[in-house]
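Engineer: Sharing target00.cif, mmCIF, C-alpha atoms:
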data_target
#
loop_
_atom_site.label_atom_id
_atom_site.label_comp_id
_atom_site.auth_asym_id
_atom_site.auth_seq_id
_atom_site.Cartn_x
_atom_site.Cartn_y
_atom_site.Cartn_z
CA MET A 200 -34.84 -37.12 -39.02
CA LYS A 201 -35.79 -34.73 -36.21
CA LYS A 202 -39.14 -36.31 -35.92
CA LEU A 203 -37.45 -39.65 -35.49
CA VAL A 204 -35.28 -38.42 -32.56
CA ILE A 205 -38.13 -36.82 -30.70
CA ARG A 206 -40.27 -39.88 -31.11
CA ASP A 207 -37.61 -42.21 -29.67
CA LYS A 208 -38.38 -41.99 -25.98
CA ASN A 209 -35.38 -44.06 -24.86
CA ILE A 210 -32.88 -41.78 -26.53
CA VAL A 211 -34.57 -38.67 -25.16
CA SER A 212 -34.62 -40.13 -21.65
CA LEU A 213 -30.96 -41.14 -21.93
CA ALA A 214 -30.00 -37.67 -23.13
CA VAL A 215 -31.94 -35.96 -20.32
CA ILE A 216 -30.47 -38.26 -17.67
CA SER A 217 -26.96 -37.74 -19.05
CA ALA A 218 -27.40 -33.97 -19.01
CA MET A 219 -28.67 -34.06 -15.42
CA VAL A 220 -25.81 -36.30 -14.28
CA LEU A 221 -23.32 -33.97 -15.96
CA LEU A 222 -24.87 -30.93 -14.26
CA VAL A 223 -24.93 -32.61 -10.85
CA VAL A 224 -21.35 -33.83 -11.09
CA PHE A 225 -19.75 -30.94 -12.94
CA GLY A 226 -21.42 -28.16 -10.97
CA PRO A 227 -19.61 -28.76 -7.64
CA ILE A 228 -16.36 -29.68 -9.40
CA LEU A 229 -16.36 -26.41 -11.33
CA THR A 230 -17.41 -24.36 -8.28
CA GLY A 231 -14.67 -25.97 -6.17
CA LEU A 232 -12.06 -25.40 -8.85
CA LYS A 233 -13.10 -21.78 -9.26
CA SER A 234 -12.87 -21.23 -5.51
CA ARG A 235 -9.43 -22.91 -5.33
CA ILE A 236 -8.11 -20.77 -8.18
CA ALA A 237 -9.40 -17.64 -6.43
CA THR A 238 -7.85 -18.79 -3.12
CA GLN A 239 -4.55 -19.46 -4.85
CA LYS A 240 -4.54 -16.01 -6.38
CA LYS A 241 -5.21 -14.46 -2.96
CA LEU A 242 -2.60 -16.61 -1.22
CA THR A 243 0.01 -15.86 -3.88
CA THR A 244 -0.55 -12.11 -3.47
CA GLN A 245 -0.37 -12.48 0.32
CA LEU A 246 2.82 -14.52 0.10
CA ALA A 247 4.42 -12.03 -2.29
CA ALA A 248 3.63 -9.17 0.14
CA LEU A 249 4.98 -11.13 3.10
CA GLU A 250 8.12 -12.17 1.20
CA LEU A 251 8.71 -8.52 0.30
CA LYS A 252 8.22 -7.47 3.92
CA LYS A 253 10.57 -10.21 5.11
CA GLU A 254 13.14 -9.16 2.53
CA ILE A 255 12.91 -5.52 3.62
CA LEU A 256 13.19 -6.39 7.30
CA SER A 257 16.08 -8.80 6.72
CA GLY A 258 17.88 -6.14 4.70
CA ILE A 259 17.77 -3.57 7.51
CA ASP A 260 21.09 -3.09 9.23
CA THR A 261 20.29 -3.72 12.91
CA THR A 262 23.26 -1.74 14.23
CA GLN A 263 22.40 1.25 12.07
CA ILE A 264 18.71 1.21 12.99
CA ASP A 265 19.61 0.95 16.69
CA GLU A 266 21.81 4.04 16.39
CA ARG A 267 19.12 5.90 14.49
CA VAL A 268 16.38 5.08 17.00
CA LYS A 269 18.64 6.06 19.88
CA LYS A 270 19.55 9.34 18.21
CA MET A 271 15.93 10.05 17.25
CA GLU A 272 14.88 9.45 20.85
CA THR A 273 17.50 11.94 22.03
CA VAL A 274 16.67 14.61 19.47
CA PHE A 275 12.92 14.12 19.13
CA PRO A 276 11.89 12.19 22.24
CA SER A 277 8.75 10.23 22.98
CA LYS A 278 8.29 11.72 26.45
CA LYS A 279 8.52 15.21 27.87
CA PRO A 280 12.20 16.08 27.80
CA VAL A 281 12.18 18.28 30.91
CA VAL A 282 15.49 17.14 32.41
CA GLU A 283 17.23 16.84 29.05
CA LEU A 284 16.13 20.31 28.00
CA MET A 285 17.31 21.99 31.20
CA SER A 286 20.56 20.09 31.14
CA SER A 287 21.28 20.90 27.47
CA LEU A 288 20.50 24.60 27.83
CA SER A 289 22.56 25.06 30.97
CA LYS A 290 25.53 23.17 29.54
CA LEU A 291 25.33 25.01 26.22
CA ALA A 292 25.22 28.35 28.05
CA PHE A 293 28.24 27.26 30.09
CA LEU A 294 30.11 26.29 26.88
CA HIS A 295 29.51 29.77 25.48
CA GLY A 296 30.59 31.47 28.70
CA LEU A 297 27.11 32.71 29.56
CA SER A 298 25.30 32.68 32.85
CA PHE A 299 22.08 30.68 32.85
CA GLY A 300 18.98 31.12 35.00
CA GLY A 301 15.54 32.62 35.28
CA ILE A 302 13.86 29.39 34.32
CA THR A 303 10.13 29.31 33.75
CA LEU A 304 8.78 25.95 32.84
CA ASN A 305 5.40 25.09 31.45
CA PRO A 306 5.44 21.32 31.52
CA GLY A 307 1.69 20.94 31.07
CA GLU A 308 -0.13 18.04 32.65
CA LEU A 309 2.43 15.51 33.77
CA GLY A 310 -0.01 12.61 33.83
CA THR A 311 -1.67 12.99 30.49
CA GLU A 312 0.66 12.95 27.54
CA ASN A 313 -2.00 12.09 25.02
CA LYS A 314 -3.55 15.49 24.81
CA PRO A 315 -2.84 16.76 21.30
CA SER A 316 -1.03 20.02 20.90
CA ALA A 317 -2.51 22.91 19.01
CA ILE A 318 0.76 23.73 17.28
CA LYS A 319 0.30 24.41 13.66
CA THR A 320 2.57 25.62 10.95
CA LYS A 321 1.19 28.14 8.55
CA LYS A 322 0.69 25.64 5.77
CA THR A 323 -0.25 22.35 7.41
CA ALA A 324 -1.24 21.07 10.79
CA LEU A 325 1.54 18.92 12.19
CA ASN A 326 0.95 15.41 13.45
CA PRO A 327 -1.87 15.37 16.06
CA ASP A 328 0.33 13.20 18.33
CA LEU A 329 2.89 15.97 18.50
CA GLN A 330 3.15 17.77 21.82
CA ASP A 331 5.30 20.60 23.01
CA LEU A 332 6.94 21.78 26.18
CA ARG A 333 7.35 25.55 26.62
CA PHE A 334 10.43 26.67 28.46
CA GLY A 335 11.64 30.17 29.31
CA PHE A 336 15.14 31.00 30.53
CA GLU A 337 17.63 33.81 30.76
CA VAL A 338 21.20 33.85 29.54
CA ALA A 339 23.49 36.74 30.28
CA GLY A 340 26.80 37.77 28.85
CA ASP A 341 28.31 39.34 25.77
CA LEU A 342 25.89 39.99 22.87
CA ASN A 343 28.06 38.08 20.40
CA LYS A 344 28.22 35.10 22.71
CA ILE A 345 24.44 35.15 23.08
CA SER A 346 24.16 35.27 19.30
CA ASP A 347 26.49 32.24 19.02
CA PHE A 348 24.47 30.48 21.72
CA LEU A 349 21.28 31.02 19.73
CA LYS A 350 22.97 29.68 16.58
CA ALA A 351 24.06 26.57 18.49
CA LEU A 352 20.48 25.99 19.70
CA GLU A 353 19.52 24.97 16.16
CA ASN A 354 21.61 21.84 16.45
CA THR A 355 21.18 20.99 20.10
CA ALA A 356 19.15 18.04 21.33
CA PRO A 357 16.29 17.88 22.18
CA LEU A 358 14.89 19.63 19.15
CA MET A 359 13.64 23.10 20.12
CA ARG A 360 12.32 26.16 18.40
CA ILE A 361 12.90 29.75 19.50
CA GLU A 362 9.52 31.37 20.13
CA LYS A 363 10.27 34.69 21.80
CA VAL A 364 13.35 36.75 22.59
CA SER A 365 13.91 39.86 24.75
CA LEU A 366 17.15 41.71 25.36
CA LYS A 367 18.02 43.79 28.37
CA ILE A 368 21.24 45.66 28.84
CA LYS A 369 23.09 45.07 32.05
CA GLY A 370 25.56 47.81 32.96
CA ASP A 371 25.99 51.19 31.35
CA PRO A 372 26.17 51.18 27.55
CA ILE A 373 27.44 54.79 27.46
CA LEU A 374 30.45 54.27 29.69
CA ASP A 375 31.52 50.85 28.51
CA ARG A 376 29.92 50.22 25.17
CA LEU A 377 31.98 47.33 23.88
CA SER A 378 31.89 45.17 26.97
CA THR A 379 28.23 45.77 27.78
CA SER A 380 26.63 42.70 29.28
CA VAL A 381 23.26 41.68 27.90
CA ALA A 382 20.59 39.49 29.40
CA ALA A 383 18.47 37.63 26.91
CA MET A 384 15.14 36.17 27.94
CA ILE A 385 14.41 33.36 25.56
CA ASP A 386 11.27 31.24 25.24
CA VAL A 387 11.71 27.95 23.44
CA ALA A 388 9.36 25.12 22.59
CA ALA A 389 10.73 21.58 22.73
CA TYR A 390 8.80 18.85 20.98
CA PHE A 391 8.00 15.25 21.72
CA GLN A 392 5.82 12.63 20.12
CA SER A 393 4.75 9.28 21.50
CA PRO A 394 5.67 6.26 19.36
CA PRO A 395 3.02 4.15 17.58
CA LYS A 396 1.22 1.91 20.05
CA THR A 397 0.96 -1.17 17.82
CA LEU A 398 2.79 -2.61 14.86
CA GLY A 399 -0.38 -3.52 13.03
CA SER A 400 -1.05 -6.88 11.43
CA VAL A 401 1.75 -9.08 10.07
CA GLY A 402 0.46 -8.52 6.55
CA GLN A 403 0.67 -4.76 6.87
CA PRO A 404 3.37 -3.59 4.47
CA ILE A 405 6.43 -1.80 5.74
CA GLY A 406 8.17 0.91 3.85
CA LEU A 407 11.81 1.54 3.26
CA LEU A 408 13.22 4.98 3.92
CA SER A 409 13.27 7.15 0.84
CA LYS A 410 16.38 9.10 -0.17
CA LYS A 411 14.77 12.26 1.17
CA GLN A 412 14.03 10.58 4.50
CA GLU A 413 17.61 9.28 4.65
CA THR A 414 18.82 12.86 4.20
CA VAL A 415 16.51 14.04 6.99
CA LEU A 416 17.83 11.23 9.20
CA GLU A 417 21.39 12.35 8.52
CA ARG A 418 20.44 15.69 10.07
CA LEU A 419 19.81 13.86 13.33
CA PHE A 420 23.50 13.17 13.67
CA ASN A 421 24.36 16.88 13.41
CA PHE A 422 22.62 17.47 16.72
CA GLN A 423 24.85 18.05 19.70
CA THR A 424 23.79 16.06 22.74
CA PHE A 425 24.52 16.68 26.38
CA GLU A 426 24.32 13.97 28.96
CA ALA A 427 21.40 14.62 31.27
CA VAL A 428 22.18 14.19 34.95
CA VAL A 429 19.55 11.92 36.42
CA PRO A 430 19.72 11.16 40.16
CA THR A 431 20.64 7.53 40.74
CA ALA A 432 20.71 7.53 44.55
CA PRO A 433 17.33 7.21 46.30
CA VAL A 434 15.75 10.59 46.78
CA GLY A 435 13.76 11.37 49.91
CA GLN A 436 13.31 9.29 53.03
CA ALA A 437 12.19 5.77 52.24
CA ASP A 438 10.98 4.91 55.74
CA LEU A 439 9.29 8.14 56.67
CA PHE A 440 8.07 7.14 60.11
CA GLY A 441 10.93 4.86 61.14
CA GLN A 442 8.66 1.83 61.17
CA ALA A 443 11.08 -0.65 59.58
CA GLY A 444 13.17 -1.23 62.73
CA GLN A 445 10.15 -1.65 64.96
CA LEU A 446 8.41 -4.27 62.85
CA MET J 754 -42.18 -65.48 -61.20
CA ALA J 755 -41.32 -62.11 -59.81
CA GLU J 756 -41.45 -61.57 -56.05
CA LEU J 757 -43.31 -58.52 -54.91
CA ASN J 758 -42.11 -56.73 -51.74
CA LEU J 759 -44.86 -54.63 -50.38
CA TYR J 760 -42.84 -53.27 -47.32
CA THR J 761 -39.88 -51.73 -49.20
CA LYS J 762 -40.64 -48.20 -48.06
CA LYS J 763 -41.33 -49.20 -44.48
CA ILE J 764 -38.15 -51.30 -44.25
CA LYS J 765 -36.17 -48.37 -45.52
CA ILE J 766 -37.63 -46.11 -42.82
CA ILE J 767 -36.96 -48.72 -40.14
CA ASN J 768 -33.38 -49.12 -41.32
CA GLN J 769 -32.84 -45.38 -41.25
CA ARG J 770 -34.35 -45.14 -37.80
CA GLN J 771 -32.11 -47.90 -36.46
CA LYS J 772 -29.05 -46.32 -38.00
CA PHE J 773 -29.92 -43.01 -36.43
CA LYS J 774 -30.64 -44.63 -33.08
CA LEU J 775 -27.29 -46.32 -33.18
CA ALA J 776 -25.55 -43.07 -34.08
CA ALA J 777 -27.37 -41.24 -31.29
CA VAL J 778 -26.46 -43.88 -28.72
CA LYS J 779 -22.87 -43.83 -29.94
CA GLY J 780 -22.87 -40.04 -29.74
CA LEU J 781 -24.28 -40.06 -26.22
CA VAL J 782 -21.85 -42.70 -25.09
CA GLY J 783 -19.01 -40.69 -26.66
CA LEU J 784 -20.22 -37.57 -24.90
CA LEU J 785 -20.44 -39.44 -21.60
CA ILE J 786 -16.90 -40.76 -22.01
CA ALA J 787 -15.68 -37.26 -22.85
CA ALA J 788 -17.57 -35.86 -19.84
CA ILE J 789 -16.12 -38.50 -17.53
CA GLY J 790 -12.66 -37.74 -18.93
CA SER J 791 -13.18 -34.03 -18.38
CA MET J 792 -14.50 -34.71 -14.92
CA ILE J 793 -11.41 -36.72 -14.03
CA GLY J 794 -9.20 -34.02 -15.58
CA LEU J 795 -10.95 -31.19 -13.76
CA SER J 796 -10.95 -33.07 -10.47
CA SER J 797 -7.23 -33.75 -10.82
CA TYR J 798 -6.61 -30.10 -11.64
CA SER J 799 -8.70 -29.04 -8.66
CA LEU J 800 -6.74 -31.39 -6.40
CA LEU J 801 -3.50 -30.00 -7.81
CA LYS J 802 -4.69 -26.48 -6.99
CA ALA J 803 -5.62 -27.58 -3.46
CA LYS J 804 -2.16 -29.09 -3.01
CA GLN J 805 -0.52 -25.94 -4.36
CA ASN J 806 -2.61 -23.82 -2.00
CA GLN J 807 -1.49 -25.99 0.86
CA ILE J 808 2.15 -25.43 -0.11
CA ILE J 809 1.62 -21.66 -0.43
CA ASP J 810 -0.15 -21.64 2.90
CA SER J 811 2.75 -23.41 4.59
CA LYS J 812 5.12 -20.89 2.97
CA ILE J 813 2.95 -18.07 4.36
CA GLN J 814 3.15 -19.63 7.81
CA ALA J 815 6.94 -19.90 7.56
CA THR J 816 7.31 -16.31 6.29
CA THR J 817 4.95 -15.02 8.99
CA LYS J 818 7.07 -16.78 11.62
CA LYS J 819 10.21 -15.20 10.18
CA ILE J 820 8.55 -11.76 10.20
CA MET J 821 7.51 -12.28 13.82
CA GLU J 822 11.14 -13.02 14.63
CA LEU J 823 12.05 -9.72 13.03
CA SER J 824 9.34 -7.79 14.91
CA GLU J 825 11.93 -5.86 16.91
CA VAL J 826 13.45 -4.47 13.72
CA GLU J 827 9.96 -3.83 12.36
CA GLY J 828 9.06 -1.89 15.51
CA LYS J 829 12.12 0.30 15.11
CA GLN J 830 11.43 0.91 11.44
CA VAL J 831 7.77 1.80 12.16
CA TYR J 832 8.97 4.11 14.95
CA LEU J 833 11.40 5.91 12.62
CA LEU J 834 8.88 6.23 9.81
CA SER J 835 6.20 7.57 12.16
CA LYS J 836 8.50 10.22 13.58
CA LEU J 837 10.32 11.24 10.43
CA LYS J 838 7.47 13.13 8.79
CA THR J 839 6.84 15.31 11.84
CA PHE J 840 10.57 15.69 12.43
CA GLU J 841 11.04 16.94 8.86
CA ASP J 842 8.26 19.53 9.29
CA LEU J 843 9.69 20.61 12.65
CA ILE J 844 13.20 20.98 11.24
CA LYS J 845 11.87 23.26 8.48
CA SER J 846 9.88 25.32 10.95
CA GLN J 847 12.80 25.47 13.39
CA ALA J 848 15.15 26.65 10.63
CA LYS J 849 12.77 29.54 9.84
CA HIS J 850 12.58 30.60 13.49
CA GLN J 851 16.34 30.28 13.81
CA ALA J 852 17.00 32.35 10.68
CA ILE J 853 14.66 35.11 11.86
CA THR J 854 16.26 35.22 15.34
CA GLU J 855 19.78 35.25 13.92
CA THR J 856 18.89 38.05 11.50
CA VAL J 857 17.45 40.17 14.30
CA PHE J 858 20.54 39.57 16.42
CA ALA J 859 22.80 40.49 13.50
CA ILE J 860 21.21 43.91 13.07
CA LEU J 861 21.32 44.88 16.75
CA PRO J 862 24.18 47.16 17.70
CA PRO J 863 25.64 46.72 21.20
CA GLY J 864 23.63 48.59 23.77
CA THR J 865 20.17 47.79 22.43
CA ASN J 866 17.29 46.91 24.70
CA ILE J 867 14.64 44.84 23.01
CA LYS J 868 11.21 44.13 24.40
CA GLY J 869 10.17 40.57 23.67
CA PHE J 870 9.61 39.96 19.99
CA GLN J 871 7.57 37.01 18.90
CA VAL J 872 9.22 34.93 16.20
CA ALA J 873 6.66 34.59 13.42
CA GLU J 874 7.25 32.21 10.53
CA THR J 875 5.90 34.79 8.12
CA GLY J 876 9.03 36.83 8.76
CA GLU J 877 7.08 39.82 10.07
CA ILE J 878 8.66 41.03 13.29
CA GLN J 879 7.72 43.97 15.44
CA LEU J 880 10.92 45.14 17.04
CA ALA J 881 10.33 47.43 19.97
CA GLY J 882 13.10 48.62 22.23
CA SER J 883 15.47 51.40 23.08
CA VAL J 884 19.06 52.50 22.56
CA ALA J 885 21.22 54.87 24.55
CA ASP J 886 21.51 57.62 21.94
CA TYR J 887 20.84 58.65 18.34
CA ALA J 888 24.26 57.45 17.20
CA THR J 889 23.36 53.90 18.22
CA PHE J 890 19.91 54.28 16.65
CA ASN J 891 21.54 55.38 13.38
CA GLU J 892 23.81 52.36 13.54
CA LEU J 893 20.75 50.16 13.98
CA LEU J 894 19.15 51.70 10.87
CA GLU J 895 22.40 51.39 8.96
CA ARG J 896 22.57 47.68 9.84
CA ILE J 897 18.99 47.16 8.68
CA ARG J 898 19.97 48.65 5.31
CA LYS J 899 22.80 46.11 4.87
CA THR J 900 20.17 43.50 4.16
CA LYS J 901 22.27 41.08 2.07
CA ASP J 902 24.73 40.49 4.94
CA TYR J 903 22.23 38.48 6.98
CA ARG J 904 20.81 34.99 6.93
CA LEU J 905 17.49 36.37 5.71
CA PRO J 906 17.14 39.45 3.51
CA ILE J 907 15.08 42.26 5.05
CA VAL J 908 12.58 43.30 2.42
CA LYS J 909 10.76 45.99 4.37
CA ALA J 910 11.45 48.06 7.47
CA ILE J 911 9.06 50.68 8.79
CA ALA J 912 9.93 52.74 11.85
CA SER J 913 6.44 53.31 13.22
CA ARG J 914 7.49 55.17 16.36
CA VAL J 915 10.72 56.89 17.41
CA ASN J 916 10.84 58.85 20.68
CA SER J 917 13.71 60.52 22.43
CA THR J 918 13.90 60.88 26.22
CA LYS J 919 16.59 63.19 27.45
CA THR J 920 18.00 62.73 30.94
CA GLU J 921 21.10 64.10 32.67
CA LYS J 922 23.18 61.08 31.72
CA SER J 923 21.78 60.03 28.37
CA ASN J 924 19.53 60.74 25.46
CA GLU J 925 17.65 57.45 25.23
CA VAL J 926 15.85 56.71 21.99
CA SER J 927 12.94 54.31 22.06
CA PHE J 928 11.64 52.84 18.84
CA GLU J 929 9.20 50.48 17.19
CA ILE J 930 10.28 49.06 13.88
CA ASP J 931 8.22 46.66 11.79
CA LEU J 932 10.56 44.36 9.90
CA THR J 933 9.61 42.02 7.10
CA MET J 934 12.08 39.32 6.18
CA ALA J 935 11.94 37.15 3.10
CA VAL J 936 11.49 33.67 4.60
CA LYS J 937 12.33 30.80 2.26
CA GLU J 938 9.61 28.19 1.99
#
Could the structure of this file be written out as structure tokens, please?
Structural biologist:
Amino acid sequence: MKKLVIRDKNIVSLAVISAMVLLVVFGPILTGLKSRIATQKKLTTQLAALELKKEILSGIDTTQIDERVKKMETVFPSKKPVVELMSSLSKLAFLHGLSFGGITLNPGELGTENKPSAIKTKKTALNPDLQDLRFGFEVAGDLNKISDFLKALENTAPLMRIEKVSLKIKGDPILDRLSTSVAAMIDVAAYFQSPPKTLGSVGQPIGLLSKKQETVLERLFNFQTFEAVVPTAPVGQADLFGQAGQL
Amino acid sequence: MAELNLYTKKIKIINQRQKFKLAAVKGLVGLLIAAIGSMIGLSSYSLLKAKQNQIIDSKIQATTKKIMELSEVEGKQVYLLSKLKTFEDLIKSQAKHQAITETVFAILPPGTNIKGFQVAETGEIQLAGSVADYATFNELLERIRKTKDYRLPIVKAIASRVNSTKTEKSNEVSFEIDLTMAVKE
């Protein structure tokens, strides 16, 4: 039988031609189909990620997030909180019946806020975008009041950390021991961190706040804030040489 | 008279060959029909996939547009997430500094001068200062002993230097005490 098939040239030619036609036609069809299936898989994954992101973003309470951002900006600002820090400390000292003064400020370079700080905790280096503002001041009054003032600092905006403390007695501790006035020289570090510059691509996933992060955020609202007094009237002479009237 | 067929064997072979040829042609034609059918099926399936991809793509466009509309919310969420980690670390560090400072203040009797002490997160503080007399210095030591009364327990206290300076008015005692507090991690 085999011999018969091989010998029949017409059948062999027909079979070869058929096989070639099948290869020529089926090849591109199969390649195209394979590519479309792969594209579909990719698009479906992309759509699922985008749908999830949309769902997360739609589910965020806009009023709540506004409040949180506002509070975060007050407690842990994006820019050097020079005015806010001075205002908070002086008002807090006033609330505790202490005199406030002896300010030494180390604001760093006012123009360049991108220089990373070298602050490190013992265990891990904090975010490289984190920067600090060192601030020294003196409060004077009763020791207990100073102690209460220091306790209140923990929950006063902007977020600050006590770095150094000195105590100096004012008055005579022998003659009037109970009402001795004390001057405390305190160095604090206030922190600020610039916000992210870009949002990233649309496809970049966005996370929800974890329970732990929600708890940390709740702490924000325990911080006492004092309104910073910012001058609204123009400061300095606008027309320094009196040219406006002459022109 | 009997007829003699001399080509019986050859005719048989020819018949077999023709039958086989017919079967082969039929088989090839059948295969071609099946291939054409498959080709039509596969092409239709491929077109269906293309159409589906088009629909998914339009859904992606619509979702992207919706996300763009929510970019303000996204910006705020990204802002919060970026700051929270550092804020959490700072809060922990601040609490340690605060606890150390409060503990030091709790042990100081009225009338104590303290040279600047650096708040170290390890809880090791070098307290250098002076008090008006030995009675106040004793009170300071007594307060250090009451370790459980404070925000942080004092695990070690070493008075490395104690000097007394007598004047007409007072008997000032200067001291250097190394304190170690148990800081919670």
Engineer: To one decimal place in Å, what is the distance between CA of Arg267 in chain A and CA of Ile405 in chain A?
Structural biologist: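 CA of Ile405 in chain A lies at a distance of 17.2 Å from CA of Arg267 in chain A.
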Engineer: Which chain A residues have any atom within 6 Å of an atom of chain J, and for each, what is the nearest pair of atoms with distance in Å to one decimal, counting all atoms listed in the file, rows sorted by chain and number, as JSON lines?
Structural biologist:
{"residue": "A:Leu232", "atom": "CA", "partner": "J:Ser799", "partner_atom": "CA", "distance": 5.0}
{"residue": "A:Gln239", "atom": "CA", "partner": "J:Asn806", "partner_atom": "CA", "distance": 5.6}
{"residue": "A:Leu246", "atom": "CA", "partner": "J:Ile813", "partner_atom": "CA", "distance": 5.5}
{"residue": "A:Lys253", "atom": "CA", "partner": "J:Ile820", "partner_atom": "CA", "distance": 5.7}
{"residue": "A:Arg360", "atom": "CA", "partner": "J:Gln847", "partner_atom": "CA", "distance": 5.1}
{"residue": "A:Glu362", "atom": "CA", "partner": "J:Val872", "partner_atom": "CA", "distance": 5.3}
{"residue": "A:Lys363", "atom": "CA", "partner": "J:Gln871", "partner_atom": "CA", "distance": 4.6}
{"residue": "A:Val364", "atom": "CA", "partner": "J:Gly869", "partner_atom": "CA", "distance": 5.1}
{"residue": "A:Ser365", "atom": "CA", "partner": "J:Gly869", "partner_atom": "CA", "distance": 4.0}
{"residue": "A:Leu366", "atom": "CA", "partner": "J:Ile867", "partner_atom": "CA", "distance": 4.6}
{"residue": "A:Lys367", "atom": "CA", "partner": "J:Asn866", "partner_atom": "CA", "distance": 4.9}
{"residue": "A:Ile368", "atom": "CA", "partner": "J:Asn866", "partner_atom": "CA", "distance": 5.9}
{"residue": "A:Pro372", "atom": "CA", "partner": "J:Gly864", "partner_atom": "CA", "distance": 5.2}
{"residue": "A:Pro394", "atom": "CA", "partner": "J:Tyr832", "partner_atom": "CA", "distance": 5.9}
Engineer: Once you have the residues from the selection above, write them out as a compact mmCIF listing (two decimals), in the coordinates of the input, restricted to C-alpha atoms.
Structural biologist:
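Writing done, so here's part-v4.txt:
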# COMPACT_ATOMS: atom_id res chain seq x y z
CA LEU A 232 -12.06 -25.40 -8.85
CA GLN A 239 -4.55 -19.46 -4.85
CA LEU A 246 2.82 -14.52 0.10
CA LYS A 253 10.57 -10.21 5.11
CA ARG A 360 12.32 26.16 18.40
CA GLU A 362 9.52 31.37 20.13
CA LYS A 363 10.27 34.69 21.80
CA VAL A 364 13.35 36.75 22.59
CA SER A 365 13.91 39.86 24.75
CA LEU A 366 17.15 41.71 25.36
CA LYS A 367 18.02 43.79 28.37
CA ILE A 368 21.24 45.66 28.84
CA PRO A 372 26.17 51.18 27.55
CA PRO A 394 5.67 6.26 19.36
Engineer: Which neighbours of range 901-911 of chain J fall inside 6 Å, counting only C-alpha atoms, when residues of the same chain fewer than 4 positions from it are skipped, and could you give them as number ranges by chain?
Structural biologist: J: 852, 856, 930-935
Engineer: For the PyMOL selection byres ((chain A and resi 417) around 12), applied here, can you spell out every residue it catches as a list of chain:residue names?
Structural biologist: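 When the PyMOL selection byres ((chain A and resi 417) around 12) is applied, the selected residues are A:Gln263, A:Glu266, A:Arg267, A:Lys270, A:Met271, A:Leu408, A:Lys410, A:Lys411, A:Gln412, A:Glu413, A:Thr414, A:Val415, A:Leu416, A:Arg418, A:Leu419, A:Phe420, A:Asn421, A:Phe422, J:Leu837, J:Phe840, J:Glu841.
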Engineer: Work out how far apart CA of Lys344 in chain A and CA of His295 in chain A are and give it in Å to one decimal.
Structural biologist: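 Here the two named atoms are 6.1 Å from each other.
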Engineer: One decimal, Å: what's the distance from CA of Gly780 in chain J over to CA of Thr230 in chain A, could you say?
Structural biologist: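 Here the two named atoms are 27.1 Å from each other.
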Engineer: I need the output of the PyMOL selection byres ((chain A and resi 282) around 12) for this file as a list in words; which residues are they?
Structural biologist: Thr273, Pro276, Lys278, Lys279, Pro280, Val281, Glu283, Leu284, Met285, Ser286, Ser287, Leu288, Ser289, Leu304, Pro306, Leu332, Phe334, Ala356, Pro357, Ala389, Phe425, Glu426, Ala427, Val428, Val429 and Pro430 of chain A
Engineer: With distances taken over all atoms listed in the file, which of J:Ala888, J:Leu894, J:Glu877, J:Glu925 is nearest to Ile860 in chain J?
Structural biologist: J:Leu894
Engineer: On this file, the PyMOL selection byres ((chain A and resi 393) around 9) gives some set of residues; write that set as a PyMOL selection string.
Structural biologist: (chain A and resi 276-278+312-313+328-330+391-392+394-396) or (chain J and resi 836)
Engineer: Rank nothing, just name the residue among A:Leu349, A:Val338, A:Ile361, A:Val223 nearest to Ser380 in chain A, using all atoms listed in the file.
Structural biologist: A:Val338
Engineer: Report the centre and edge lengths, in Å to one decimal, of an axis-aligned box enclosing every atom of range 832-838 of chain J listed in the file, padded by 8 Å on each side, as lines of an AutoDock Vina configuration file.
Structural biologist:
center_x = 8.8
center_y = 8.6
center_z = 11.9
size_x = 21.2
size_y = 25.0
size_z = 22.2
